[in-house]
Amino acid sequence: MPGIARSLPALDHSLGQRLLAGGLLCLALVAGGARADLWAFVDARGITHFAAEQLDERYALFFRGASFDSQRDIGAQAGAAEENPGTTLAARARVQSYFDILPAYKSVRPHLRRAAERSGIDYALLKAVIATESGFDAHAVSAKGALGLMQLMPATAERFGVAAAGSRTLAQQLHDPAVNVPAGARYLRHLLDLFDGRLDLALAAYNAGEGAVRRAGQKIPPFKETQNYVKTVLALYRQLQPLAPAAGTPAAGMPATGMPATPSSRIRMTLPAGSARESIDEKREQ
């Protein structure tokens, strides 16, 4: 499965199909224009796969999202640019309920909350990254050897404080959500700081490596996998924003401005035209 088409936890196949069908109802609720859509399919094992484009005929539109504009911020008010805020909230509620029913997600929520508070990374962003990286499968292992919920390479994990402990190997540590999620959040925090709060570049570096972003001239590298990865995470992040914070109260994980707790949450998408080059996936080759 190509990079961003990783799976959500296995469910009963018929339940997975029903949940996906519910998610597809979002399409009727959100209106047109040039948008960043999300596609999905449920495989024979009941595993849901997400992608930012239709990778093959199995994928159907999961939701039709707002376009990413270089002058528009992503944050608690991300849906404000939609033509009909009421239907936008309804669509977001459906997407969020899709995730909330997953036992694997519910079991790791405390780890996400703690990691978000300690790192200053928005909770919804961590949720979107994990959904894209591993589908909340704590035992996930990529072809390149990335491990756990946030798909960390052992060398990267060691850079951010993970080591073998007692009778547990480094790999066993990384399959523990209590270890993996904080380490992944620290790495993402480092990337956000490194790229001056550019969320798109931080995500590109998380997927393809810091060096690939630098060599691309501080832009998203011209790798199809990385481009789709960034769009998938951002599309999920937009839909996973808190639905209805109390008036005058910042959403959980948000400062008083309503924006994610990063140095800057301005999204400046610089995706080049499609390229035949494959991602060298430096993060996973470290």
# chains A, B, ... in the order shown; residues from 1 in each chain; ligands from 1

$ select_by_dssp --residues "range 42-226 of chain A" --states "helix (DSSP H, G or I)" --output "PyMOL selection string"
chain A and resi 78-81+85-100+103-119+123-133+154-159+170-174+177-194+199-208+210-215+224-226

$ closest_residue --among "A:Val129, A:Val42, A:Leu191, A:Ala155" --to "Leu174 in chain A" --atoms "only C-alpha atoms"
A:Ala155

$ closest_residue --among "A:Ala183, A:Ile220, A:Ala235, A:Ala212" --to "Arg198 in chain A" --atoms "only C-alpha atoms"
A:Ile220

$ atom_distance --atom1 "CA of Trp39 in chain A" --atom2 "CA of Asp122 in chain A"
23.7 Å

$ closest_residue --among "A:Ala104, A:Ala216, A:Ala124, A:Val179" --to "Met150 in chain A" --atoms "only C-alpha atoms"
A:Val179

$ atom_distance --atom1 "CA of Ile121 in chain A" --atom2 "CA of Leu236 in chain A"
15.3 Å

$ residues_around --residues "Gln151 in chain A" --least-positions-apart "6" --cutoff "10 Å" --atoms "only C-alpha atoms" --output "list of chain:residue names"
A:Val129, A:Ile130, A:Thr132, A:Glu133, A:Ser134, A:Asp137, A:Ala138, A:His139, A:Ala140, A:Val141, A:Ser142, A:Lys144, A:Gly145, A:Ala157, A:Leu174, A:His175, A:Asn180, A:Val181, A:Gly184, A:Tyr206, A:Asn207, A:Lys283, A:Arg284

$ atom_distance --atom1 "CA of Tyr59 in chain A" --atom2 "CA of Phe41 in chain A"
5.0 Å

$ select_by_dssp --residues "range 46-226 of chain A" --states "strand (DSSP E or B)" --output "PyMOL selection string"
chain A and resi 48-51+60-63+73+141+147+152+165+168

$ closest_residue --among "A:Ala178, A:Val213, A:Val230, A:Leu89" --to "Pro110 in chain A" --atoms "only C-alpha atoms"
A:Ala178
